[in-house]
Amino acid sequence: MKAVVYEGPRQVSVKDVPDAKIERPTDVLVRITSANICGSDLHMYEGRTDFETGRWFGHENLGQVVEVGDGVDKVQVGDWVVLPFNIACGHCKNCERQLTNYCLTAQPEPPMAGAAYGFADMGPYAGGQAELLRVPWGDFNCLRLGEDAEERQTDYVMLADIFPTGYHATEMAGVKPGDQTVIYGAGPVGLMAALSATIRGAGKVMVVDRQPDRLRLAESIGAIAIDDSKVDPVQAVLEQTMGLGADNGCECVGYQAHEPDGQEQANLTMNRLVASVRFTGTIGAVGVFVPEDPGANDELAKQGKLAFDFGMFWFKGQHLGSGQAPVKKYNRQLRDLIAGGKAEPSFIVSHELPLEKAPEAYEHFDQRDDGWTKVVLHPVGA
């Protein structure tokens, strides 16, 4: 089969790799028809992780089941399914508590928790930017889709990661009807957080970024766009909230946050959130932060540490939730919102391309080129 193979920093190619296949009785084999390029893929693409050359990316995957193992009871050949990026067993202590993002069984390293397709430090599993994908514990991990799945792939594929991740940010932030919510980052996850805040009934949603195309998308769903290359975003939020600050906020940028001039500052968004959110407010952080970042430009960041304004955070009595999203906690209800016409996450999709165009797509997406907001790859024949 063909797959998008990582060759080294900022270099991928599409080449033949061994076919994915059933390896255990509980496996499901899926013909991938849609696989997104994710912002967190870029950390690996840029060489900022220890992702091994020769492996392939792809943790936002949707397709049709072509084979099932003898131990699979529910999923059937022909089903259209979307796969949570979290690979989870369904029966360990964390999975039983709906914390499938920290599955203890799927992660082979005892000190670690959590597994994913085609991702650094999250197990040996192949990614789905390929023609076929093996899905472990298929009955648990496959979310079956309705009759409109094939026609609405660009909506449903967002259930693999970014829609539940954006929703998780708002869940951790405790967004309630009428709230004033600020979101730092208008990439795909930030835009999904803005959509989720709207779905949850927020009265005012503010989105901070500096990419015009992303800010336009935020405005298209009723959010207030704040361009931090033109204004002080904290002051802008205060002006929007009568000087009190937002009720809650979401961090959707991560450890490669940077100033408008391009200078990286890993603590930038976290400290701005502390300043932007009111006393006793809540912050949900889903942007990726890592235990160590050798490619960082300062010593603290190299160790995965931040110069965090904890004194002000404590003084304001704020609360913080963090970590990857447990996709299965949300994906069924979000699927039903899509099916019922109440949510159309595909509004962020800018490009649908064949798998062969992946190298070009990665380059444009990595450069934040105007108009490249979200790329969906479609393997040949899909």
# chains A, B, ... in the order shown; residues from 1 in each chain; ligands from 1
$ residues_around --residues "Gly63 (chain A)" --least-positions-apart "2" --cutoff "8 Å" --atoms "only C-alpha atoms" --output "NGL selection string"
:A and (30-34 or 61 or 65 or 80-82)
$ closest_atom_pairs --of "region 26-127 of chain A" --to "region 309-328 of chain A" --cutoff "7 Å" --atoms "only C-alpha atoms" --output "JSON lines"
{"residue": "A:Pro84", "atom": "CA", "partner": "A:Val327", "partner_atom": "CA", "distance": 5.7}
{"residue": "A:Asn86", "atom": "CA", "partner": "A:Val327", "partner_atom": "CA", "distance": 6.8}
{"residue": "A:Gln98", "atom": "CA", "partner": "A:Pro326", "partner_atom": "CA", "distance": 6.9}
{"residue": "A:Leu99", "atom": "CA", "partner": "A:Pro326", "partner_atom": "CA", "distance": 5.6}
{"residue": "A:Thr100", "atom": "CA", "partner": "A:Pro326", "partner_atom": "CA", "distance": 5.2}
{"residue": "A:Asn101", "atom": "CA", "partner": "A:Pro326", "partner_atom": "CA", "distance": 4.6}
$ write_last_selection --atoms "C-alpha atoms" --output "PDB file, in the first residue's frame"
ATOM      1  CA  PRO A  84     -10.494   8.154  17.527  1.00  0.00           C
ATOM      2  CA  ASN A  86      -6.565   7.530  20.876  1.00  0.00           C
ATOM      3  CA  GLN A  98     -13.591   7.260  30.099  1.00  0.00           C
ATOM      4  CA  LEU A  99      -9.926   8.317  30.072  1.00  0.00           C
ATOM      5  CA  THR A 100      -9.156   6.560  26.802  1.00  0.00           C
ATOM      6  CA  ASN A 101      -6.512   9.211  26.163  1.00  0.00           C
TER       7      ASN A 101
END
$ atom_distance --atom1 "CA of Arg152 (chain A)" --atom2 "CA of Gly201 (chain A)"
25.1 Å
$ closest_residue --among "A:Lys93, A:Lys21, A:Lys329, A:His43" --to "Glu171 (chain A)" --atoms "only C-alpha atoms"
A:Lys329
$ atom_distance --atom1 "CA of Val68 (chain A)" --atom2 "CA of Cys103 (chain A)"
22.4 Å
$ select_by_dssp --residues "region 10-233 of chain A" --states "helix (DSSP H, G or I)" --output "ChimeraX atom specification"
/A:39-45,93-96,100-102,138-141,153-160,162-173,188-199,212-220,233
$ atom_distance --atom1 "CA of Arg134 (chain A)" --atom2 "CA of Tyr330 (chain A)"
22.5 Å
$ select_by_dssp --residues "region 48-274 of chain A" --states "strand (DSSP E or B)" --output "NGL selection string"
:A and (56 or 61-68 or 80-83 or 86 or 116 or 130 or 132-135 or 143-144 or 180-184 or 204-209 or 224-227 or 246-251 or 258 or 264)
$ write_last_selection --atoms "C-alpha atoms" --output "PDB file, in the first residue's frame"
ATOM      1  CA  TRP A  56       4.136   7.217   8.621  1.00  0.00           C
ATOM      2  CA  ASN A  61      -8.791   8.803   9.939  1.00  0.00           C
ATOM      3  CA  LEU A  62     -12.073   7.714   8.353  1.00  0.00           C
ATOM      4  CA  GLY A  63     -12.891   4.904   5.972  1.00  0.00           C
ATOM      5  CA  GLN A  64     -14.744   1.703   5.189  1.00  0.00           C
ATOM      6  CA  VAL A  65     -14.211  -1.644   6.898  1.00  0.00           C
ATOM      7  CA  VAL A  66     -12.819  -4.288   4.539  1.00  0.00           C
ATOM      8  CA  GLU A  67     -11.957  -7.091   6.988  1.00  0.00           C
ATOM      9  CA  VAL A  68     -12.595  -8.002  10.620  1.00  0.00           C
ATOM     10  CA  TRP A  80     -18.212   3.348   7.426  1.00  0.00           C
ATOM     11  CA  VAL A  81     -16.243   4.241  10.544  1.00  0.00           C
ATOM     12  CA  VAL A  82     -14.251   7.100  12.018  1.00  0.00           C
ATOM     13  CA  LEU A  83     -11.381   6.248  14.361  1.00  0.00           C
ATOM     14  CA  ASN A  86      -6.565   7.530  20.876  1.00  0.00           C
ATOM     15  CA  ALA A 116      -2.209   6.855  19.010  1.00  0.00           C
ATOM     16  CA  ALA A 130      -2.165   5.464   3.866  1.00  0.00           C
ATOM     17  CA  LEU A 132      -5.165   0.806   4.753  1.00  0.00           C
ATOM     18  CA  LEU A 133      -5.183   1.018   8.543  1.00  0.00           C
ATOM     19  CA  ARG A 134      -5.175  -1.681  11.190  1.00  0.00           C
ATOM     20  CA  VAL A 135      -7.476  -0.747  14.091  1.00  0.00           C
ATOM     21  CA  LEU A 143     -17.377   4.704  15.682  1.00  0.00           C
ATOM     22  CA  ARG A 144     -19.877   3.590  13.074  1.00  0.00           C
ATOM     23  CA  GLN A 180     -17.639  34.938  27.735  1.00  0.00           C
ATOM     24  CA  THR A 181     -14.923  32.636  26.410  1.00  0.00           C
ATOM     25  CA  VAL A 182     -11.506  33.472  24.968  1.00  0.00           C
ATOM     26  CA  ILE A 183      -9.593  31.033  22.766  1.00  0.00           C
ATOM     27  CA  TYR A 184      -5.912  31.462  22.024  1.00  0.00           C
ATOM     28  CA  LYS A 204     -19.427  35.786  23.513  1.00  0.00           C
ATOM     29  CA  VAL A 205     -16.519  33.894  21.944  1.00  0.00           C
ATOM     30  CA  MET A 206     -13.227  35.705  21.323  1.00  0.00           C
ATOM     31  CA  VAL A 207     -10.480  34.095  19.233  1.00  0.00           C
ATOM     32  CA  VAL A 208      -6.878  35.331  19.290  1.00  0.00           C
ATOM     33  CA  ASP A 209      -4.585  34.691  16.328  1.00  0.00           C
ATOM     34  CA  ILE A 224     -14.898  37.987  17.691  1.00  0.00           C
ATOM     35  CA  ALA A 225     -11.500  37.959  15.981  1.00  0.00           C
ATOM     36  CA  ILE A 226      -8.567  39.499  17.852  1.00  0.00           C
ATOM     37  CA  ASP A 227      -5.369  39.992  15.830  1.00  0.00           C
ATOM     38  CA  ALA A 246     -13.296  36.244  30.240  1.00  0.00           C
ATOM     39  CA  ASP A 247     -15.210  33.671  32.297  1.00  0.00           C
ATOM     40  CA  ASN A 248     -12.993  30.959  30.849  1.00  0.00           C
ATOM     41  CA  GLY A 249     -10.373  30.350  28.212  1.00  0.00           C
ATOM     42  CA  CYS A 250      -8.859  27.676  25.989  1.00  0.00           C
ATOM     43  CA  GLU A 251      -5.202  27.168  25.057  1.00  0.00           C
ATOM     44  CA  HIS A 258       5.510  32.482  19.181  1.00  0.00           C
ATOM     45  CA  GLU A 264       9.206  31.292  19.995  1.00  0.00           C
TER      46      GLU A 264
END
$ closest_atom_pairs --of "region 22-121 of chain A" --to "region 284-294 of chain A" --cutoff "8 Å" --atoms "only C-alpha atoms" --output "Markdown table"
| residue | atom | partner | partner_atom | distance |
| --- | --- | --- | --- | --- |
| A:Ser40 | CA | A:Val288 | CA | 7.1 |
| A:Arg48 | CA | A:Asp293 | CA | 6.8 |
| A:Thr49 | CA | A:Asp293 | CA | 7.4 |
$ residues_around --residues "Asn297 (chain A)" --least-positions-apart "3" --cutoff "9 Å" --atoms "only C-alpha atoms" --output "PyMOL selection string"
chain A and resi 263-265+294+300-302
$ write_last_selection --atoms "C-alpha atoms" --output "PDB file, in the first residue's frame"
ATOM      1  CA  GLN A 263      10.246  34.408  18.087  1.00  0.00           C
ATOM      2  CA  GLU A 264       9.206  31.292  19.995  1.00  0.00           C
ATOM      3  CA  GLN A 265       7.997  31.752  23.539  1.00  0.00           C
ATOM      4  CA  PRO A 294      15.664  19.862  22.546  1.00  0.00           C
ATOM      5  CA  LEU A 300      13.588  25.979  30.380  1.00  0.00           C
ATOM      6  CA  ALA A 301      11.693  25.068  27.231  1.00  0.00           C
ATOM      7  CA  LYS A 302      14.331  22.490  26.305  1.00  0.00           C
TER       8      LYS A 302
END
$ closest_residue --among "A:Met112, A:Ala106, A:Leu334, A:Ala126" --to "Val4 (chain A)" --atoms "only C-alpha atoms"
A:Ala126
$ residues_around --residues "Asp27 (chain A)" --least-positions-apart "3" --cutoff "12 Å" --atoms "only C-alpha atoms" --output "PyMOL selection string"
chain A and resi 20-24+30+65-76+87+89+133-142
$ closest_residue --among "A:Gly146, A:Pro9, A:Gly185, A:Pro177" --to "Ala218 (chain A)" --atoms "only C-alpha atoms"
A:Gly185
$ residues_around --residues "region 365-382 of chain A" --least-positions-apart "4" --cutoff "8 Å" --atoms "only C-alpha atoms" --output "mmCIF file with C-alpha atoms, in the first residue's frame"
data_model
loop_
_atom_site.group_PDB
_atom_site.id
_atom_site.type_symbol
_atom_site.label_atom_id
_atom_site.label_comp_id
_atom_site.auth_asym_id
_atom_site.auth_seq_id
_atom_site.Cartn_x
_atom_site.Cartn_y
_atom_site.Cartn_z
ATOM 1 C CA ILE A 32 -8.886 4.812 4.441
ATOM 2 C CA THR A 33 -10.808 7.306 2.344
ATOM 3 C CA SER A 34 -10.095 10.490 4.331
ATOM 4 C CA ALA A 35 -7.088 11.322 6.512
ATOM 5 C CA ASN A 36 -6.411 14.820 7.809
ATOM 6 C CA ILE A 37 -3.092 16.554 8.263
ATOM 7 C CA CYS A 38 -3.115 17.779 11.862
ATOM 8 C CA LEU A 42 3.792 19.429 12.191
ATOM 9 C CA GLN A 129 -2.208 8.649 5.899
ATOM 10 C CA ALA A 130 -2.165 5.464 3.866
ATOM 11 C CA GLU A 131 -4.499 3.247 1.897
ATOM 12 C CA THR A 154 -15.126 16.100 5.574
ATOM 13 C CA GLY A 187 -5.814 26.787 13.983
ATOM 14 C CA PRO A 188 -8.138 23.833 13.359
ATOM 15 C CA GLN A 211 -3.443 34.662 10.452
ATOM 16 C CA PRO A 212 -6.090 36.559 8.442
ATOM 17 C CA ASP A 213 -7.579 33.424 6.863
ATOM 18 C CA ARG A 214 -8.029 31.765 10.253
ATOM 19 C CA ILE A 348 -12.430 24.802 8.170
ATOM 20 C CA VAL A 349 -11.450 22.547 5.233
ATOM 21 C CA SER A 350 -9.469 24.440 2.614
ATOM 22 C CA HIS A 351 -8.016 21.608 0.519
ATOM 23 C CA GLU A 352 -8.963 18.055 -0.410
ATOM 24 C CA LEU A 353 -6.027 16.367 -2.114
ATOM 25 C CA PRO A 354 -4.932 12.905 -3.253
ATOM 26 C CA LEU A 355 -2.380 11.147 -1.092
ATOM 27 C CA GLU A 356 0.334 11.854 -3.672
ATOM 28 C CA ALA A 358 0.925 15.131 0.735
ATOM 29 C CA ALA A 361 0.388 19.938 1.431
#
$ closest_residue --among "A:Ala149, A:Ala236, A:Leu306, A:Ala194" --to "Leu268 (chain A)" --atoms "only C-alpha atoms"
A:Leu306
$ closest_residue --among "A:Gln153, A:Leu215, A:Gly128, A:Asp50" --to "Ala3 (chain A)" --atoms "only C-alpha atoms"
A:Gly128
$ closest_residue --among "A:Gly190, A:Gly127, A:Pro260, A:Gly58" --to "Leu217 (chain A)" --atoms "only C-alpha atoms"
A:Gly190
